[in-house]
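*Asks:* Following this line is model10.cif, made up of mmCIF, C-alpha atoms:
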```
data_data
loop_
_atom_site.label_atom_id
_atom_site.label_comp_id
_atom_site.auth_asym_id
_atom_site.auth_seq_id
_atom_site.Cartn_x
_atom_site.Cartn_y
_atom_site.Cartn_z
CA MET A 1 91.60 120.91 124.68
CA MET A 2 88.34 122.73 124.15
CA ASP A 3 90.17 125.13 121.82
CA ASN A 4 91.06 122.20 119.57
CA PRO A 5 88.66 122.16 116.56
CA LEU A 6 88.55 118.36 116.81
CA PHE A 7 86.38 118.67 119.92
CA THR A 8 83.55 120.67 118.39
CA SER A 9 80.10 119.12 118.57
CA ALA A 10 78.89 116.48 116.10
CA PRO A 11 75.59 114.61 115.71
CA MET A 12 77.26 111.29 116.46
CA ILE A 13 80.58 109.96 117.69
CA VAL A 14 81.69 106.41 116.88
CA PHE A 15 84.06 104.37 119.05
CA THR A 16 85.41 101.15 117.58
CA ASP A 17 87.60 98.24 118.54
CA LEU A 18 89.96 97.05 115.79
CA ASP A 19 90.90 93.36 115.78
CA GLY A 20 87.85 91.23 115.06
CA THR A 21 85.64 94.31 114.80
CA LEU A 22 86.69 96.88 112.19
CA LEU A 23 89.57 94.60 111.13
CA ASP A 24 89.21 91.00 110.00
CA HIS A 25 90.55 88.69 112.71
CA ASN A 26 92.85 86.85 110.32
CA THR A 27 93.68 89.25 107.46
CA TYR A 28 93.43 92.59 109.33
CA SER A 29 91.53 94.02 106.35
CA PHE A 30 88.78 96.65 106.75
CA GLU A 31 87.71 96.59 103.10
CA PRO A 32 84.15 95.27 103.72
CA ALA A 33 83.47 98.39 105.85
CA LEU A 34 84.67 100.94 103.28
CA SER A 35 81.17 102.17 102.42
CA ALA A 36 80.29 103.06 106.01
CA LEU A 37 83.76 104.49 106.64
CA GLY A 38 83.36 106.77 103.64
CA GLN A 39 79.97 107.97 104.87
CA ILE A 40 81.36 108.67 108.34
CA LYS A 41 84.09 110.83 106.82
CA LYS A 42 81.58 112.63 104.57
CA LEU A 43 79.37 113.45 107.57
CA ASN A 44 82.36 114.64 109.66
CA ILE A 45 81.58 112.12 112.37
CA PRO A 46 84.49 111.51 114.78
CA LEU A 47 85.74 107.93 114.42
CA ILE A 48 87.58 107.04 117.62
CA ILE A 49 89.71 103.91 117.70
CA ASN A 50 89.47 102.27 121.14
CA SER A 51 91.78 99.29 121.04
CA SER A 52 94.34 97.13 122.80
CA LYS A 53 96.83 98.27 120.17
CA THR A 54 99.69 100.67 120.83
CA ARG A 55 100.05 104.36 120.04
CA VAL A 56 102.27 103.78 117.00
CA GLU A 57 100.01 101.02 115.69
CA ILE A 58 96.93 103.24 115.87
CA ILE A 59 98.66 106.22 114.29
CA ALA A 60 99.64 103.92 111.40
CA MET A 61 96.04 102.65 111.20
CA GLN A 62 94.67 106.20 111.15
CA LYS A 63 96.88 106.94 108.14
CA LEU A 64 95.41 103.92 106.33
CA LEU A 65 91.89 105.11 107.20
CA GLY A 66 92.69 108.69 106.17
CA ILE A 67 91.73 110.20 109.53
CA CYS A 68 93.42 112.23 112.27
CA GLN A 69 91.34 111.84 115.42
CA PRO A 70 91.83 111.25 119.14
CA PHE A 71 92.22 107.58 120.07
CA ILE A 72 92.42 105.24 123.04
CA VAL A 73 95.28 102.77 123.42
CA GLU A 74 96.04 99.53 125.22
CA ASN A 75 92.56 98.75 126.54
CA GLY A 76 91.94 102.19 128.02
CA ALA A 77 95.43 102.82 129.39
CA ALA A 78 95.62 106.29 127.82
CA VAL A 79 93.88 108.76 125.50
CA TYR A 80 95.87 110.53 122.78
CA TRP A 81 94.78 113.52 120.71
CA PRO A 82 96.61 115.47 117.98
CA ALA A 83 98.14 118.79 118.97
CA ASP A 84 98.29 119.85 115.31
CA GLU A 85 96.19 119.25 112.20
CA GLN A 86 98.77 116.91 110.66
CA GLY A 87 99.04 114.63 113.69
CA VAL A 88 102.78 115.23 114.05
CA GLN A 89 102.57 116.07 117.74
CA TRP A 90 100.30 114.25 120.20
CA GLU A 91 99.13 115.00 123.71
CA ARG A 92 97.91 112.37 126.14
CA LYS A 93 96.00 111.58 129.30
CA ALA A 94 97.32 108.42 130.97
CA PHE A 95 95.20 106.25 133.27
CA ALA A 96 97.66 103.36 133.76
CA SER A 97 101.18 103.27 135.13
CA SER A 98 104.15 102.24 133.01
CA ARG A 99 104.64 98.81 131.47
CA CYS A 100 107.76 98.15 133.54
CA ASN A 101 105.58 97.70 136.64
CA VAL A 102 103.59 95.05 134.80
CA LEU A 103 106.65 93.16 133.58
CA THR A 104 108.27 93.16 137.03
CA THR A 105 105.15 91.76 138.70
CA ILE A 106 104.55 89.09 136.05
CA ALA A 107 108.16 87.92 136.38
CA GLN A 108 107.76 87.68 140.16
CA MET A 109 104.49 85.75 139.88
CA ARG A 110 105.97 83.28 137.41
CA GLN A 111 108.91 82.65 139.70
CA GLU A 112 106.84 82.38 142.88
CA ASN A 113 103.80 80.49 141.56
CA GLY A 114 105.03 78.76 138.43
CA TYR A 115 102.36 80.34 136.23
CA GLN A 116 102.65 79.23 132.60
CA VAL A 117 102.34 82.50 130.76
CA LYS A 118 104.35 84.36 128.11
CA GLY A 119 104.03 87.94 126.92
CA PHE A 120 105.24 90.17 124.12
CA ALA A 121 108.37 90.97 126.14
CA ASP A 122 109.34 87.29 125.88
CA TYR A 123 109.06 87.20 122.10
CA SER A 124 111.01 88.65 119.19
CA PRO A 125 109.13 90.62 116.51
CA GLU A 126 109.43 87.53 114.29
CA GLU A 127 107.71 85.40 116.93
CA ILE A 128 104.99 88.01 117.49
CA ALA A 129 104.37 88.05 113.74
CA ASP A 130 104.06 84.26 113.74
CA ILE A 131 101.61 84.26 116.66
CA THR A 132 99.41 87.10 115.43
CA GLY A 133 99.61 86.89 111.66
CA LEU A 134 100.92 90.46 111.52
CA SER A 135 103.68 91.45 109.13
CA LEU A 136 107.14 91.80 110.65
CA GLU A 137 106.83 95.59 110.50
CA GLN A 138 103.41 95.51 112.18
CA ALA A 139 104.70 93.10 114.84
CA ALA A 140 107.52 95.51 115.67
CA LEU A 141 104.95 98.27 116.19
CA ALA A 142 102.84 95.97 118.38
CA ALA A 143 105.85 95.35 120.61
CA THR A 144 106.27 99.07 121.42
CA ARG A 145 103.97 99.03 124.39
CA GLU A 146 103.92 101.82 126.97
CA PHE A 147 101.45 100.64 129.61
CA SER A 148 100.36 97.03 129.16
CA GLU A 149 101.51 93.51 128.37
CA PRO A 150 99.51 91.08 126.19
CA LEU A 151 99.89 87.56 127.54
CA GLN A 152 99.40 84.09 126.14
CA TRP A 153 98.12 81.71 128.79
CA LEU A 154 99.83 78.33 128.38
CA GLY A 155 98.54 76.56 131.48
CA GLU A 156 95.23 75.12 132.66
CA GLU A 157 92.11 77.29 132.87
CA GLN A 158 91.82 76.84 136.65
CA GLN A 159 95.33 78.26 137.11
CA LYS A 160 94.43 81.16 134.83
CA GLN A 161 91.65 82.24 137.20
CA ALA A 162 94.05 82.09 140.14
CA PHE A 163 96.57 84.14 138.15
CA LYS A 164 93.96 86.82 137.42
CA GLN A 165 92.90 86.89 141.07
CA HIS A 166 96.49 87.35 142.24
CA LEU A 167 96.91 90.20 139.75
CA HIS A 168 93.74 91.84 141.06
CA GLU A 169 94.99 91.58 144.65
CA ARG A 170 98.14 93.45 143.61
CA GLY A 171 96.22 96.27 141.93
CA PHE A 172 96.45 95.06 138.35
CA VAL A 173 93.75 94.77 135.68
CA ALA A 174 93.57 91.80 133.28
CA GLU A 175 91.28 92.11 130.25
CA GLN A 176 90.60 89.24 127.85
CA GLY A 177 90.67 90.21 124.18
CA GLY A 178 90.31 88.19 121.02
CA ARG A 179 93.80 86.70 121.27
CA PHE A 180 95.50 87.83 124.46
CA LEU A 181 94.99 88.54 128.14
CA THR A 182 96.18 92.14 128.51
CA VAL A 183 97.53 93.23 131.91
CA MET A 184 97.80 96.83 133.19
CA HIS A 185 98.43 98.49 136.54
CA GLY A 186 96.10 101.09 138.01
CA GLU A 187 92.63 101.62 139.43
CA ASN A 188 89.48 101.46 137.33
CA ILE A 189 91.16 101.19 133.93
CA ASN A 190 89.18 100.00 130.93
CA LYS A 191 87.97 101.10 127.51
CA GLY A 192 84.78 102.56 128.99
CA VAL A 193 86.48 104.86 131.52
CA ALA A 194 88.77 106.30 128.84
CA MET A 195 85.82 106.64 126.45
CA ARG A 196 83.76 108.60 128.99
CA TRP A 197 86.68 110.93 129.72
CA LEU A 198 87.13 111.64 126.02
CA ILE A 199 83.41 112.20 125.37
CA ASN A 200 83.40 114.88 128.05
CA CYS A 201 86.05 116.79 126.09
CA TYR A 202 83.60 117.48 123.27
CA GLU A 203 81.34 120.52 123.11
CA ASP A 204 77.69 119.61 123.74
CA SER A 205 78.79 116.11 124.80
CA ALA A 206 75.52 115.59 126.65
CA THR A 207 73.54 115.73 123.41
CA MET A 208 75.89 113.73 121.19
CA LYS A 209 74.71 110.23 120.28
CA THR A 210 77.45 107.70 120.96
CA VAL A 211 77.95 104.42 119.13
CA ALA A 212 80.45 101.75 120.18
CA LEU A 213 81.40 98.59 118.28
CA GLY A 214 83.25 95.62 119.76
CA ASP A 215 83.49 91.83 119.68
CA SER A 216 85.34 90.66 122.81
CA PRO A 217 85.00 90.71 126.61
CA ASN A 218 87.43 93.62 126.91
CA ASP A 219 84.91 95.72 124.93
CA ILE A 220 82.06 95.37 127.45
CA ALA A 221 82.87 98.54 129.42
CA MET A 222 83.05 100.55 126.18
CA LEU A 223 79.79 99.11 124.89
CA ASN A 224 78.05 99.88 128.17
CA GLU A 225 79.04 103.56 127.89
CA ALA A 226 77.41 104.02 124.49
CA ASP A 227 73.87 105.02 123.56
CA ILE A 228 74.02 102.34 120.85
CA ALA A 229 76.12 99.23 121.49
CA VAL A 230 77.05 97.10 118.49
CA VAL A 231 78.26 93.58 119.30
CA VAL A 232 80.08 92.35 116.21
CA ARG A 233 79.80 88.60 115.83
CA SER A 234 82.92 86.61 116.79
CA LYS A 235 83.90 83.45 118.64
CA LYS A 236 83.64 85.37 121.93
CA SER A 237 80.73 87.71 121.17
CA ASP A 238 78.15 85.43 122.83
CA GLN A 239 79.95 86.11 126.13
CA LEU A 240 79.13 89.81 125.94
CA ARG A 241 76.15 90.78 128.10
CA ILE A 242 75.18 94.39 127.52
CA ASP A 243 72.52 95.63 129.91
CA THR A 244 72.93 99.37 130.45
CA ASN A 245 72.40 100.62 126.91
CA GLN A 246 69.34 102.16 125.33
CA TYR A 247 69.81 100.10 122.19
CA VAL A 248 71.86 96.97 121.39
CA VAL A 249 72.66 95.60 117.94
CA ARG A 250 74.12 92.12 117.41
CA THR A 251 75.42 91.50 113.91
CA ASN A 252 75.00 88.34 111.89
CA LEU A 253 78.30 88.85 110.09
CA GLU A 254 81.79 88.90 111.58
CA GLY A 255 84.52 91.53 111.53
CA PRO A 256 84.35 94.45 109.08
CA ALA A 257 81.39 92.89 107.25
CA GLY A 258 79.48 93.00 110.54
CA TRP A 259 80.74 96.54 111.13
CA GLN A 260 79.26 97.58 107.79
CA GLU A 261 76.05 95.62 108.50
CA ALA A 262 75.46 97.64 111.67
CA MET A 263 76.77 101.08 110.69
CA GLY A 264 75.08 101.29 107.28
CA PRO A 265 71.54 101.60 108.69
CA LEU A 266 72.65 103.77 111.62
CA LEU A 267 74.25 106.31 109.31
CA VAL A 268 71.14 106.49 107.13
CA SER A 269 69.15 107.61 110.18
CA ILE A 270 71.29 110.73 110.76
#
```
Show this structure as C-alpha cells.
*Replies:*
Amino acid sequence: MMDNPLFTSAPMIVFTDLDGTLLDHNTYSFEPALSALGQIKKLNIPLIINSSKTRVEIIAMQKLLGICQPFIVENGAAVYWPADEQGVQWERKAFASSRCNVLTTIAQMRQENGYQVKGFADYSPEEIADITGLSLEQAALAATREFSEPLQWLGEEQQKQAFKQHLHERGFVAEQGGRFLTVMHGENINKGVAMRWLINCYEDSATMKTVALGDSPNDIAMLNEADIAVVVRSKKSDQLRIDTNQYVVRTNLEGPAGWQEAMGPLLVSI
C-alpha cells in the first residue's frame, strides 16, 4: 500500500460520516458544503468517507463528489482503497465477519426471545426506499451489504437493551446510527479502529492533522481518534461525549450546512 500515491503525506486528512453529517438527513444533498469540498480538493486533502453505507453506495457517492479515495464501510467493518487511479479495482482490509453470521443469529434471537426487530434482509428495495427516503436505485445499493445488518427496533426500549446485551454476549457489535441499529460480528469493530488502521497507511502519519465529522452515537469512536472532532448538530448529537480530543467543535447548523460551518474556518488555517 505504501507504493500507492494515494498514501503520500498531506497536511490534513478529513474523515466524515455521510447521513446527517455531509448529507442532509432528509434530502441526502451535500450542496451546502460545496465550498469547503471544493477547497479540500484544491488543497489535495484526502477526504475519507467513514459511514454505515455499503461499498457500492460509497463508490457511487465518491463519483458524485468527484473523488477517488480510500473509504470505510458499514460502521468500520472494512477499509477499501483503489488499486488503480480510476477506481475500477479495489482492495480491502476486513475487520468484521460476513453478514450471513449476523442474519443467522438475529433470526435465532427473534425465534427464541421474541424480539421485535426487522432488518434490510426483511425488506424489498421498495420498502427500504420508503423507510429511508432513498430512491429505488439507491435503496437497491443500500441492500447490498457484505458485513452488517441495519435494524429497525419495533419493540419497547427496555427490550432493546436486553437485545443489545444478548448480541454482545454472542460476540456481536451493535452501533446506533441516525436511523438504524447496525449489527456486526467481530471483536473491537467500530469507525475509530478502521480509521486508525487507515491513518497508519499514510506516509508521515504521525505528523498529519486529522479531522473527523459526525452526528450520531456510532461516530463517537471515530471522533475520539481525531485531533479535531466536529460534532455536527442533529437530534442525537447532544448524546455525543467527546473527551479524548485536543479540540472539539460543535456546530450550530445541521447536516451539510454544519459541515461547511466547521470546515470553512479549519481550511483557512492550513
*Asks:* Select, from A:Val56, A:Ala174, A:Leu103, A:Ala206, the residue with the minimum atom-to-atom distance to Glu137 in chain A, counting all atoms listed in the file.
*Replies:* A:Val56
*Asks:* Near Thr16 in chain A, within 6 Å and counting all atoms listed in the file, which residues show up once chain neighbours fewer than 5 positions away are dropped, as number ranges by chain?
*Replies:* A: 49-50, 212-213
*Asks:* Under the PyMOL selection byres ((chain A and resi 180-183) around 8), which residues of this model are included? Write them out as JSON, numbers by chain.
*Replies:* {"A": [52, 75, 102, 148, 149, 150, 151, 152, 153, 172, 173, 174, 175, 176, 177, 178, 179, 184, 185]}
*Asks:* Using the selection just defined, write its residues with C-alpha atoms as a CSV table (one decimal), in the coordinates of the input.
*Replies:*
```
chain,number,residue,atom,x,y,z
A,52,SER,CA,94.3,97.1,122.8
A,75,ASN,CA,92.6,98.8,126.5
A,102,VAL,CA,103.6,95.0,134.8
A,148,SER,CA,100.4,97.0,129.2
A,149,GLU,CA,101.5,93.5,128.4
A,150,PRO,CA,99.5,91.1,126.2
A,151,LEU,CA,99.9,87.6,127.5
A,152,GLN,CA,99.4,84.1,126.1
A,153,TRP,CA,98.1,81.7,128.8
A,172,PHE,CA,96.4,95.1,138.4
A,173,VAL,CA,93.8,94.8,135.7
A,174,ALA,CA,93.6,91.8,133.3
A,175,GLU,CA,91.3,92.1,130.2
A,176,GLN,CA,90.6,89.2,127.8
A,177,GLY,CA,90.7,90.2,124.2
A,178,GLY,CA,90.3,88.2,121.0
A,179,ARG,CA,93.8,86.7,121.3
A,184,MET,CA,97.8,96.8,133.2
A,185,HIS,CA,98.4,98.5,136.5
```
*Asks:* Give me the box for range 109-127 of chain A as AutoDock Vina command-line options, namely the centre and edge lengths in Å to one decimal of a box along x, y and z that holds every listed atom plus 5 Å on each side.
*Replies:*
```
--center_x 106.7 --center_y 84.9 --center_z 128.6 --size_x 18.7 --size_y 22.2 --size_z 38.6
```
*Asks:* List, as a PyMOL selection string, every residue that the PyMOL selection byres ((chain A and resi 98-101) around 12) selects in the file provided.
*Replies:* chain A and resi 54+74+77-78+94-97+102-108+119-121+143-150+167+170-172+182-186
*Asks:* Using all atoms listed in the file, which of A:Ala257, A:Leu65, A:Leu22, A:Met109 sits nearest Lys164 in chain A?
*Replies:*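 Ranked by minimum distance to Lys164 in chain A, first place goes to A:Met109.
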*Asks:* Could you tell me how far CA of Lys160 in chain A lies from CA of Arg110 in chain A, in Å and to one decimal?
*Replies:*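 Calculated distance between CA of Lys160 in chain A and CA of Arg110 in chain A is 12.0 Å.
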